[in-house]
Structures are given as structure tokens and as C-alpha cells.
file data.txt (compact mmCIF, C-alpha atoms (C1' of nucleotides))
# COMPACT_ATOMS: atom_id res chain seq x y z
CA MET D 283 96.27 127.20 106.87
CA ASP D 284 96.99 125.86 110.36
CA ILE D 285 98.64 122.57 110.97
CA SER D 286 98.28 119.88 113.67
CA THR D 287 101.21 118.55 115.68
CA ARG D 288 101.05 115.26 113.84
CA GLN D 289 100.96 116.99 110.49
CA LEU D 290 104.06 118.93 111.42
CA GLU D 291 105.76 115.69 112.37
CA ILE D 292 104.86 114.23 109.01
CA ILE D 293 106.12 117.14 106.94
CA THR D 294 109.31 117.12 109.03
CA ALA D 295 109.77 113.46 108.19
CA ALA D 296 109.06 114.27 104.55
CA GLY D 297 111.71 117.00 104.61
CA LYS D 298 114.17 114.61 106.14
CA ILE D 299 113.61 112.06 103.40
CA LEU D 300 113.76 114.70 100.69
CA THR D 301 117.09 116.06 101.85
CA THR D 302 118.65 112.64 102.14
CA SER D 303 117.13 110.63 99.29
CA GLY D 304 115.54 113.19 97.00
CA ILE D 305 112.12 113.14 95.43
CA THR D 306 112.38 109.51 94.36
CA GLY D 307 112.93 108.51 97.97
CA LEU D 308 109.82 110.29 99.14
CA THR D 309 107.36 107.40 98.97
CA THR D 310 104.43 106.73 101.26
CA LYS D 311 106.21 103.60 102.38
CA ASN D 312 109.37 105.43 103.42
CA LEU D 313 107.33 108.15 105.03
CA ALA D 314 105.45 105.60 107.09
CA LYS D 315 108.67 103.89 108.12
CA GLU D 316 110.12 107.21 109.21
CA MET D 317 106.97 107.89 111.21
CA GLN D 318 107.02 104.38 112.61
CA PHE D 319 103.47 103.62 111.67
CA ALA D 320 101.56 102.07 108.80
CA GLU D 321 101.25 103.64 105.39
CA SER D 322 97.56 104.04 105.70
CA ALA D 323 97.90 106.14 108.84
CA ILE D 324 99.35 108.93 106.73
CA TYR D 325 95.99 109.34 105.10
CA ARG D 326 94.38 110.13 108.45
CA HIS D 327 96.31 113.39 108.34
CA PHE D 328 96.64 114.27 104.68
CA GLN D 329 94.45 113.65 101.69
CA SER D 330 97.31 112.93 99.30
CA LYS D 331 101.05 112.94 98.93
CA GLU D 332 100.86 116.12 96.92
CA ASP D 333 99.15 117.77 99.88
CA ILE D 334 102.05 116.80 102.10
CA ILE D 335 104.60 118.44 99.82
CA ILE D 336 102.50 121.56 99.53
CA ALA D 337 102.01 121.73 103.29
CA LEU D 338 105.77 121.38 103.70
CA LEU D 339 106.51 124.25 101.35
CA ASN D 340 103.81 126.42 102.86
CA TYR D 341 105.09 125.80 106.34
CA LEU D 342 108.56 126.84 105.26
CA ALA D 343 107.33 129.98 103.56
CA GLN D 344 105.26 130.92 106.57
CA THR D 345 107.91 130.37 109.24
CA MET D 346 110.58 132.01 107.14
CA ASP D 347 108.39 135.03 106.63
CA GLU D 348 107.76 135.26 110.35
CA ARG D 349 111.38 134.83 111.28
CA LEU D 350 112.66 137.39 108.82
CA SER D 351 109.94 139.88 109.64
CA ASN D 352 111.15 139.93 113.21
CA ILE D 353 114.51 141.42 112.32
CA ASP D 354 115.06 144.60 114.24
CA ASP D 355 114.31 147.55 111.99
CA GLU D 356 116.68 149.81 113.92
CA LEU D 357 119.80 147.98 112.72
CA ASN D 358 121.94 149.40 109.96
CA THR D 359 122.21 147.72 106.60
CA GLU D 360 125.28 145.70 107.30
CA GLU D 361 123.88 144.41 110.57
CA LYS D 362 120.57 143.58 108.95
CA PHE D 363 122.32 141.65 106.21
CA LYS D 364 124.26 139.63 108.74
CA GLU D 365 121.23 139.16 110.94
CA LEU D 366 119.13 137.87 108.05
CA PHE D 367 121.60 135.20 107.06
CA GLN D 368 122.57 134.25 110.57
CA ASN D 369 118.90 133.77 111.23
CA GLN D 370 118.66 131.47 108.23
CA PHE D 371 121.76 129.51 109.17
CA LYS D 372 120.59 129.11 112.73
CA PHE D 373 117.27 127.80 111.57
CA PHE D 374 118.77 125.29 109.17
CA LYS D 375 121.34 124.17 111.67
CA LYS D 376 118.51 123.38 114.04
CA ASN D 377 116.27 121.89 111.35
CA PRO D 378 118.54 120.34 108.74
CA HIS D 379 115.65 118.33 107.32
CA PHE D 380 114.30 121.51 105.83
CA VAL D 381 117.32 122.33 103.69
CA VAL D 382 115.06 121.16 100.92
CA ALA D 383 113.61 124.65 101.01
CA VAL D 384 116.67 126.12 99.39
CA PHE D 385 117.01 123.72 96.54
CA SER D 386 113.35 122.84 96.15
CA ASP D 387 114.04 122.62 92.42
CA GLY D 388 114.15 118.87 92.74
CA LEU D 389 110.44 118.83 93.37
CA MET D 390 109.85 120.19 89.88
CA GLU D 391 107.12 117.92 88.72
CA GLU D 392 104.24 118.09 86.41
CA SER D 393 102.10 119.23 89.34
CA THR D 394 101.05 122.83 88.81
CA ARG D 395 100.10 123.27 92.44
CA ILE D 396 103.57 122.36 93.65
CA ASN D 397 105.24 124.66 91.18
CA GLU D 398 103.05 127.55 92.26
CA THR D 399 103.88 126.92 95.88
CA ILE D 400 107.59 126.88 95.12
CA ALA D 401 107.28 130.17 93.30
CA LYS D 402 105.55 131.67 96.35
CA LEU D 403 108.37 130.47 98.60
CA MET D 404 110.93 132.06 96.29
CA GLN D 405 109.03 135.33 96.43
CA VAL D 406 109.11 135.41 100.22
CA LYS D 407 112.88 135.07 100.16
CA ILE D 408 113.32 137.84 97.62
CA LYS D 409 110.89 140.06 99.48
CA HIS D 410 113.22 140.14 102.47
CA ILE D 411 116.62 140.20 100.83
CA LYS D 412 116.15 142.69 98.05
CA PRO D 413 115.27 145.85 100.06
CA ILE D 414 118.24 145.31 102.33
CA LEU D 415 120.60 145.08 99.37
CA ALA D 416 119.00 148.09 97.69
CA LYS D 417 119.52 150.22 100.79
CA GLY D 418 123.05 148.89 101.10
CA GLN D 419 123.78 150.07 97.60
CA GLN D 420 122.41 153.52 98.38
CA LYS D 421 124.63 153.80 101.44
CA GLY D 422 127.70 152.53 99.66
CA VAL D 423 127.97 149.25 101.57
CA PHE D 424 127.66 147.35 98.29
CA THR D 425 128.79 148.37 94.82
CA ASP D 426 126.16 150.13 92.82
CA ALA D 427 128.16 149.28 89.74
CA ILE D 428 125.59 146.55 89.19
CA SER D 429 121.83 146.48 89.50
CA THR D 430 120.09 145.32 92.66
CA GLU D 431 118.73 142.37 90.67
CA GLU D 432 122.21 141.22 89.78
CA LEU D 433 123.34 141.65 93.35
CA THR D 434 120.37 139.72 94.71
CA HIS D 435 121.14 137.04 92.20
CA ILE D 436 124.77 136.75 93.28
CA VAL D 437 123.91 136.69 96.98
CA MET D 438 121.18 134.10 96.60
CA GLY D 439 123.28 131.95 94.30
CA THR D 440 126.11 131.91 96.80
CA PHE D 441 123.75 131.06 99.62
CA ARG D 442 122.16 128.22 97.70
CA LEU D 443 125.44 126.65 96.72
CA LEU D 444 126.63 126.77 100.30
CA MET D 445 123.52 124.97 101.44
CA TYR D 446 123.95 122.42 98.68
CA LYS D 447 127.51 121.70 99.70
CA TRP D 448 126.44 121.40 103.29
CA ARG D 449 123.86 118.84 102.37
CA ILE D 450 126.05 116.69 100.15
CA SER D 451 128.70 116.72 102.86
CA ASN D 452 126.07 115.14 105.10
CA PHE D 453 125.85 118.27 107.26
CA ASP D 454 129.41 117.63 108.17
CA PHE D 455 130.62 121.18 108.76
CA ASP D 456 129.25 123.96 110.92
CA ILE D 457 126.83 125.78 108.66
CA LYS D 458 126.67 128.78 110.96
CA LYS D 459 130.43 129.26 111.00
CA SER D 460 130.89 128.62 107.30
CA GLY D 461 127.89 130.74 106.48
CA ASP D 462 129.19 133.65 108.51
CA LYS D 463 132.51 133.43 106.75
CA THR D 464 130.87 133.40 103.33
CA MET D 465 128.65 136.33 104.22
CA ILE D 466 131.60 138.41 105.37
CA ALA D 467 133.35 137.48 102.14
CA LEU D 468 130.34 138.74 100.23
CA LEU D 469 130.30 142.00 102.15
CA MET M 104 134.73 104.78 79.03
CA ASP M 105 133.79 105.28 75.38
CA ILE M 106 130.26 105.49 74.18
CA SER M 107 128.45 104.30 71.06
CA THR M 108 126.39 106.57 68.85
CA ARG M 109 123.19 104.99 70.08
CA GLN M 110 124.23 105.34 73.68
CA LEU M 111 124.84 109.03 73.13
CA GLU M 112 121.39 109.34 71.61
CA ILE M 113 119.91 107.67 74.64
CA ILE M 114 121.65 109.84 77.22
CA THR M 115 120.66 112.89 75.19
CA ALA M 116 117.06 111.75 75.34
CA ALA M 117 117.48 111.15 79.07
CA GLY M 118 118.81 114.68 79.52
CA LYS M 119 115.88 116.06 77.58
CA ILE M 120 113.41 114.26 79.81
CA LEU M 121 115.27 115.27 82.96
CA THR M 122 115.21 118.96 82.12
CA THR M 123 111.54 118.95 81.19
CA SER M 124 109.98 116.49 83.64
CA GLY M 125 112.59 115.98 86.33
CA ILE M 126 113.82 112.77 87.81
CA THR M 127 110.30 111.40 88.30
CA GLY M 128 109.68 111.77 84.58
CA LEU M 129 112.73 109.74 83.70
CA THR M 130 111.13 106.31 83.35
CA THR M 131 112.10 103.56 80.97
CA LYS M 132 108.73 103.99 79.32
CA ASN M 133 109.26 107.70 78.64
CA LEU M 134 112.78 107.07 77.53
CA ALA M 135 111.61 104.47 75.04
CA LYS M 136 108.91 106.78 73.74
CA GLU M 137 111.46 109.55 73.24
CA MET M 138 113.70 107.12 71.39
CA GLN M 139 110.76 105.83 69.38
CA PHE M 140 111.46 102.22 70.17
CA ALA M 141 110.35 99.61 72.68
CA GLU M 142 111.29 99.74 76.34
CA SER M 143 113.22 96.55 76.07
CA ALA M 144 115.51 97.99 73.39
CA ILE M 145 117.07 100.26 76.02
CA TYR M 146 118.62 97.22 77.62
CA ARG M 147 120.50 96.39 74.44
CA HIS M 148 122.59 99.47 75.15
CA PHE M 149 122.65 99.83 78.91
CA GLN M 150 122.52 97.35 81.74
CA SER M 151 120.28 99.47 83.94
CA LYS M 152 118.67 102.85 84.31
CA GLU M 153 121.27 103.81 86.87
CA ASP M 154 123.94 103.16 84.26
CA ILE M 155 122.25 105.59 81.92
CA ILE M 156 122.31 108.39 84.47
CA ILE M 157 125.93 107.70 85.29
CA ALA M 158 126.88 107.64 81.61
CA LEU M 159 125.11 110.97 81.18
CA LEU M 160 127.04 112.58 84.01
CA ASN M 161 130.32 111.08 82.87
CA TYR M 162 129.79 112.28 79.34
CA LEU M 163 129.20 115.80 80.63
CA ALA M 164 132.27 115.74 82.82
CA GLN M 165 134.38 114.48 79.95
CA THR M 166 133.21 116.93 77.29
CA MET M 167 133.34 119.82 79.73
CA ASP M 168 136.89 118.93 80.64
CA GLU M 169 137.84 118.78 76.97
CA ARG M 170 136.14 122.03 76.10
CA LEU M 171 137.64 123.95 78.98
CA SER M 172 141.08 122.49 78.45
CA ASN M 173 141.09 123.98 74.99
CA ILE M 174 141.02 127.55 76.23
CA ASP M 175 143.94 129.50 74.82
CA ASP M 176 146.66 129.73 77.44
CA GLU M 177 148.00 132.96 76.00
CA LEU M 178 144.96 135.00 77.05
CA ASN M 179 145.09 137.24 80.09
CA THR M 180 143.03 136.48 83.18
CA GLU M 181 140.06 138.59 82.34
CA GLU M 182 139.83 137.17 78.85
CA LYS M 183 140.20 133.64 80.13
CA PHE M 184 137.43 134.20 82.64
CA LYS M 185 135.13 135.47 79.92
CA GLU M 186 136.15 132.75 77.52
CA LEU M 187 135.45 130.02 80.07
CA PHE M 188 131.94 131.17 80.76
CA GLN M 189 131.09 132.03 77.21
CA ASN M 190 132.19 128.57 76.29
CA GLN M 191 129.82 127.11 78.88
CA PHE M 192 126.94 129.31 77.82
CA LYS M 193 127.44 128.48 74.18
CA PHE M 194 127.45 124.78 74.94
CA PHE M 195 124.28 124.90 77.00
CA LYS M 196 122.53 127.12 74.52
CA LYS M 197 123.24 124.51 71.89
CA ASN M 198 122.43 121.55 74.17
CA PRO M 199 119.80 122.71 76.61
CA HIS M 200 118.97 119.13 77.52
CA PHE M 201 122.19 118.99 79.45
CA VAL M 202 121.45 121.87 81.79
CA VAL M 203 120.68 119.13 84.23
CA ALA M 204 124.43 118.96 84.81
CA VAL M 205 124.51 122.24 86.61
CA PHE M 206 121.70 121.66 88.99
CA SER M 207 122.16 117.95 89.29
CA ASP M 208 120.93 118.29 92.87
CA GLY M 209 117.62 116.81 91.83
CA LEU M 210 119.23 113.50 91.02
CA MET M 211 120.12 112.89 94.67
CA GLU M 212 119.19 109.32 95.10
CA GLU M 213 120.09 106.58 97.44
CA SER M 214 122.55 105.45 94.81
CA THR M 215 126.10 105.97 96.01
CA ARG M 216 127.43 105.58 92.49
CA ILE M 217 125.38 108.49 91.20
CA ASN M 218 126.39 110.73 94.06
CA GLU M 219 130.03 109.98 93.48
CA THR M 220 129.70 110.76 89.79
CA ILE M 221 128.09 114.10 90.59
CA ALA M 222 130.95 114.93 92.95
CA LYS M 223 133.41 114.15 90.18
CA LEU M 224 131.60 116.48 87.80
CA MET M 225 131.78 119.25 90.38
CA GLN M 226 135.52 118.70 90.73
CA VAL M 227 136.08 119.11 87.01
CA LYS M 228 134.39 122.49 87.09
CA ILE M 229 136.41 123.65 90.07
CA LYS M 230 139.61 122.39 88.48
CA HIS M 231 139.19 124.86 85.64
CA ILE M 232 137.75 127.86 87.42
CA LYS M 233 139.94 128.06 90.47
CA PRO M 234 143.36 128.65 88.91
CA ILE M 235 141.95 131.44 86.78
CA LEU M 236 140.50 133.17 89.81
CA ALA M 237 143.70 132.68 91.80
CA LYS M 238 145.75 134.35 89.09
CA GLY M 239 143.17 137.09 88.83
CA GLN M 240 143.58 137.78 92.50
CA GLN M 241 147.34 137.98 92.14
CA LYS M 242 147.03 140.48 89.33
CA GLY M 243 144.44 142.57 91.13
CA VAL M 244 141.57 141.77 88.75
CA PHE M 245 139.59 140.35 91.68
CA THR M 246 139.70 141.32 95.35
CA ASP M 247 142.14 139.36 97.38
CA ALA M 248 140.23 140.41 100.48
CA ILE M 249 138.74 136.92 100.42
CA SER M 250 140.24 133.51 99.79
CA THR M 251 140.22 131.89 96.37
CA GLU M 252 137.90 129.20 97.74
CA GLU M 253 135.32 131.78 98.74
CA LEU M 254 135.62 133.50 95.40
CA THR M 255 135.24 130.24 93.50
CA HIS M 256 132.22 129.50 95.61
CA ILE M 257 130.58 132.83 94.84
CA VAL M 258 131.28 132.60 91.13
CA MET M 259 129.99 129.04 90.84
CA GLY M 260 126.92 129.77 92.93
CA THR M 261 126.01 132.70 90.75
CA PHE M 262 126.51 130.64 87.63
CA ARG M 263 124.37 127.78 88.90
CA LEU M 264 121.51 129.99 89.91
CA LEU M 265 121.53 131.63 86.51
CA MET M 266 121.26 128.24 84.85
CA TYR M 267 118.47 127.29 87.19
CA LYS M 268 116.51 130.43 86.36
CA TRP M 269 117.07 129.82 82.69
CA ARG M 270 115.57 126.40 82.97
CA ILE M 271 112.51 127.32 84.99
CA SER M 272 111.82 130.11 82.52
CA ASN M 273 111.67 127.37 79.90
CA PHE M 274 114.86 128.59 78.23
CA ASP M 275 112.98 131.73 77.47
CA PHE M 276 115.81 134.25 77.58
CA ASP M 277 119.13 134.32 75.80
CA ILE M 278 121.49 132.52 78.15
CA LYS M 279 124.53 133.84 76.33
CA LYS M 280 123.47 137.46 76.65
CA SER M 281 122.28 137.14 80.25
CA GLY M 282 125.35 135.16 81.14
CA ASP M 283 127.63 137.81 79.71
CA LYS M 284 125.85 140.48 81.72
CA THR M 285 126.14 138.48 84.94
CA MET M 286 129.81 137.81 84.26
CA ILE M 287 130.60 141.46 83.76
CA ALA M 288 128.69 142.20 86.96
CA LEU M 289 130.90 139.67 88.72
CA LEU M 290 134.06 141.18 87.29
C1' DT U 241 127.89 82.58 43.58
C1' DA U 242 124.86 80.81 46.64
C1' DT U 243 124.38 79.22 51.42
C1' DT U 244 125.17 79.29 55.91
C1' DG U 245 125.64 81.31 60.29
C1' DC U 246 126.09 84.73 63.41
C1' DA U 247 125.92 89.40 65.73
C1' DG U 248 123.54 93.70 66.43
C1' DA U 249 119.28 95.88 67.22
C1' DG U 250 114.74 95.62 67.44
C1' DT U 251 109.81 93.56 69.08
C1' DG U 252 105.68 92.38 72.39
C1' DA U 253 104.46 89.92 76.24
C1' DA U 254 105.44 88.52 80.98
C1' DT U 255 107.87 89.17 85.34
C1' DA U 256 108.36 90.72 90.20
C1' DT U 257 108.28 94.71 92.73
C1' DT U 258 106.82 99.18 94.15
C1' DC U 259 103.66 102.87 93.91
C1' DA U 260 99.70 105.85 95.90
C1' DC U 261 95.69 104.99 97.91
C1' DT U 262 91.37 102.56 100.24
C1' DA U 263 88.23 99.63 103.02
C1' DA U 264 87.17 97.51 107.11
C1' DC U 265 88.43 96.58 111.67
C1' DT U 266 90.14 97.90 116.63
C1' DA U 267 91.90 100.13 120.68
C1' DT U 268 91.65 104.04 123.44
C1' DA U 269 90.30 108.54 125.57
C1' DT U 270 86.96 111.73 126.50
C1' DA S 178 78.85 106.15 122.79
C1' DT S 179 81.52 108.42 119.74
C1' DA S 180 85.48 110.48 117.59
C1' DT S 181 90.31 109.81 116.90
C1' DA S 182 94.22 107.52 115.35
C1' DG S 183 96.01 103.67 114.59
C1' DT S 184 96.04 98.58 112.39
C1' DT S 185 95.94 94.69 108.51
C1' DA S 186 95.12 93.53 104.17
C1' DG S 187 94.03 94.61 100.23
C1' DT S 188 93.48 97.42 95.21
C1' DG S 189 94.92 98.66 90.35
C1' DA S 190 98.35 101.04 88.02
C1' DA S 191 103.17 101.94 87.07
C1' DT S 192 107.87 100.64 87.41
C1' DA S 193 112.34 98.40 85.94
C1' DT S 194 113.81 94.39 84.07
C1' DT S 195 113.75 89.86 81.50
C1' DC S 196 111.91 86.69 78.26
C1' DA S 197 111.73 84.32 73.73
C1' DC S 198 111.66 85.61 69.43
C1' DT S 199 112.42 88.26 64.69
C1' DC S 200 114.61 90.99 61.23
C1' DT S 201 118.68 92.59 58.79
C1' DG S 202 123.20 92.99 56.98
C1' DC S 203 127.59 90.99 56.55
C1' DA S 204 131.34 87.71 56.36
C1' DA S 205 132.98 82.98 56.02
C1' DT S 206 132.60 79.01 53.45
C1' DA S 207 131.09 75.20 50.18
call {"tool": "encode", "arguments": {"input": "data.txt", "output": "C-alpha cells"}}
result
Amino acid sequence: MDISTRQLEIITAAGKILTTSGITGLTTKNLAKEMQFAESAIYRHFQSKEDIIIALLNYLAQTMDERLSNIDDELNTEEKFKELFQNQFKFFKKNPHFVVAVFSDGLMEESTRINETIAKLMQVKIKHIKPILAKGQQKGVFTDAISTEELTHIVMGTFRLLMYKWRISNFDFDIKKSGDKTMIALL
Amino acid sequence: MDISTRQLEIITAAGKILTTSGITGLTTKNLAKEMQFAESAIYRHFQSKEDIIIALLNYLAQTMDERLSNIDDELNTEEKFKELFQNQFKFFKKNPHFVVAVFSDGLMEESTRINETIAKLMQVKIKHIKPILAKGQQKGVFTDAISTEELTHIVMGTFRLLMYKWRISNFDFDIKKSGDKTMIALL
DNA sequence: TATTGCAGAGTGAATATTCACTAACTATAT
DNA sequence: ATATAGTTAGTGAATATTCACTCTGCAATA
């Protein structure tokens, strides 16, 4: 499951291409150009293009899991909620090429392996968000007029759309600032 | 801006392919197979593949605008809100091939024309939703603790994610029922 | 009425280009 | 000397698009 420096560089380049030109832009040729070496060199580091996409998604799932697991357990619900999203925004601000993680729908292909990996990534996100919201509902921070599922749905939908807008605006606004504002609105 | 019967058939077929196999599945070959005629016949009706995608998005923007403009102006805010979304759900239930409209993120190509058309489609949606929410805030149906922009954002994000889930579940649940539930949760 | 001609909508084959991927060679660093 | 990481120069398959041609129905005309 571990990844070499060069492999990380390649999946970063792949993420960059994906966020700017979508799945149709992610060709071995473009990838090689981005890496500034020949197409064939890619295959020194990965067996296939599919493997690159899967490595990209796995890397995102792994780092996200690590990052979100590090949130201080002592914090109260509201603080945790803020911390979780600020953490995400900070990460994406620093690594805009990986915005693809949020809207990885575009990758939807016939490849079963890719779809499974996307599902796993989704699960990691839910794993971290849902318990926080559930506790928040218990403590009265959020309405319990609706189920935790509905609430998770609303929160994630809002987050995704924000990221989408950020991307189509060419990362033109400050995602951390905007994100904070949206999160406070949600609260 | 008007479209022939055959052109409508073709963009419907394109939508069908897009929702089932994504942008990579949308090839002239697949399109021809879906239409049950030769690849070359496509070019009797459109100048290029790009033109087909743009026609598809334009058609959606146009019909959506018409549909949503027809909402009875006499209704109160809450009813209008419900009516607007039920209208959308009904349309997509009837024409699932066009779900692509909602999550058109996947289309992100290098093509400036396509990106512009997507932006236009987005604007049409906002044009209809925002005034309803603004009035709702005035009348106390929604919180005015947050700006109308934020509220619009949350509502649209929630809606989009629902559509996305519907699609990846292979249109397995009743979008009208689920949509109604989500809407009431939002209210 | 029969003939002509023409436009719309199709065909299969051919085009150039792009795709993912491979084989064989080469420089360099340990 | 050998492993590593790059190169150049290919491969066959798929892609979007164009080609010359055909069929069909209809309207003008002789």
C-alpha cells in the first residue's frame, strides 16, 4: 500500500489534470507532459493507467483518514465540526489538484475496481462526519427534527457544491474563508 | 436555437449514454449504435460531437426555464418551494437520461464552449430558486440568520447530492418520494 | 400523367489523429 | 556489474470526422 516519491508525483500530476480537464484530459500523453518526461516512463512506476487512478483515490482516502483521525477528541461537538471542515479546507487549499476527491463522480467508468475504490473513499468521509453530527443532535447543537442521515446528506451536499464552485472559478476565491462562512451558516 | 425531432432523439440518446457510461462512454460509435444507424449519419444532424453536448445542455436549460416559469404565482412561499422541487423530481423521474444536467461536473473538458454552457444552466436554476428563498426568509419560513446566497447554496447542494445518489444507485429508489422527504427536512 | 430533379437522411469505407501500452536502447549511481 | 529510471520509436486499436455514393419521397414541369 506504500507509495514511492515518484509515484506520489505522478498521482499529483494526475489529480491536477483531472481537476482542470476532467477524465477525458487524463491521457498518458498529458500525464507525461505534466511530468516532463516521456510517456513510456510512466510505466516504470505504474502498470496501467487504471492503477494510477486507483492509487490516487487510495492515497486520498488514506491521508484523509489520518488527518481526520487526528482531531482532538476533547473538543466539543461544535468545535469538532469546525475543526473537521477547516482541516479539509486547509488541505485542499494547499493541494488544489486533489479537489477531484470530492467530485470523483466524473471517474465513473465501466471499471469495477475504480468504482469500488470510490465507494471506499466515500465511506471514509461518512465515517468521520456522521458521529459528530449524531452527537450534535443529541446535545441540541443541530435540529433533531430530521434524521442524522438527512443531516449528513445536507452537510455533505453543501460541502461538495462549494468545492465544485471553487474549482469552476479556477480556485479564484479563498476556500478557507468561504468554507468557514458556509460552515457557520450551516451551524 | 430550435431543434429538429431527430436532433432531440440524438441528444436524448447522448444523455442516456452519459448517465450510464459517463463521458468516456459517449463516443460517436456508441451514439450511432444507440440510434441504430451508422456513425456517419450523426453528422447529418450535428456538425461535431461538441455541438451535441452543447445542444443537450441548452435543451435542458431551456426546458427547465420553461417548466419553472410555469409555477403558479399565486402560491405561498412554502407551496412554491415544494412545487419547484416536485416539478424537478417529476421531470427527472420521467427522463432519467437527463440527470446528467445536475452533476454535469463530469463533462469538464478543455472546451470553453461547454464550460460556458454549463455555467448558463447553473444560472437558470439559481434564477428560479433564489427569489423563492428570499421571500421565504422575509416571511420567516426560513432562517434569516444566514444570507440568501448561503441558503441557495445549501439547498442546491443538497438537491445535487440527492440526484447523484439516485444515479449511482441505478435509479433504484423513488426520486419523487425521497426528494419530498429531503425537501421537508430542509424546510 | 409521366418525367425530371432535387433535398433529406441514410450507408460503408477511408481518413488522420490519438489512445494505452511495449520493446529495445542508454546514461547514471551505487 | 547491475539495477534504476529515463529515452526513442514503435504497436494495434479506437476515436472523430469525411468521403462518395444510394435510397426515398415530393414538387415542378413537359
call {"tool": "atom_distance", "arguments": {"input": "data.txt", "atom1": "CA of Leu159 in chain M", "atom2": "CA of Ile114 in chain M"}}
result
5.4 Å
call {"tool": "interface_residues", "arguments": {"input": "data.txt", "of": "chain D", "to": "chain U", "cutoff": "10 Å", "atoms": "all atoms listed in the file", "output": "list in words"}}
result
Thr309, Thr310, Lys311, Glu321, Ser322, Tyr325, Gln329, Ser330 and Lys331 of chain D
call {"tool": "residues_around", "arguments": {"input": "data.txt", "residues": "Thr215 in chain M", "least_positions_apart": "4", "cutoff": "12 Å", "atoms": "only C-alpha atoms (C1' of nucleotides)", "output": "PyMOL selection string"}}
result
(chain D and resi 302-303+450) or (chain M and resi 153+157+210-211+219-222)
call {"tool": "atom_distance", "arguments": {"input": "data.txt", "atom1": "CA of Met445 in chain D", "atom2": "CA of Ile299 in chain D"}}
result
16.4 Å
call {"tool": "closest_residue", "arguments": {"input": "data.txt", "among": "M:Ser172, M:Ser281, M:Asn190, M:Asn133", "to": "chain S", "atoms": "all atoms listed in the file"}}
result
M:Asn133
call {"tool": "atom_distance", "arguments": {"input": "data.txt", "atom1": "CA of Lys458 in chain D", "atom2": "CA of Phe371 in chain D"}}
result
5.3 Å
call {"tool": "interface_residues", "arguments": {"input": "data.txt", "of": "chain D", "to": "chain M", "cutoff": "9 Å", "atoms": "only C-alpha atoms", "output": "ChimeraX atom specification"}}
result
/D:300-307,385-392,427-429,432-433,435-444,446,450,463-464,466-468
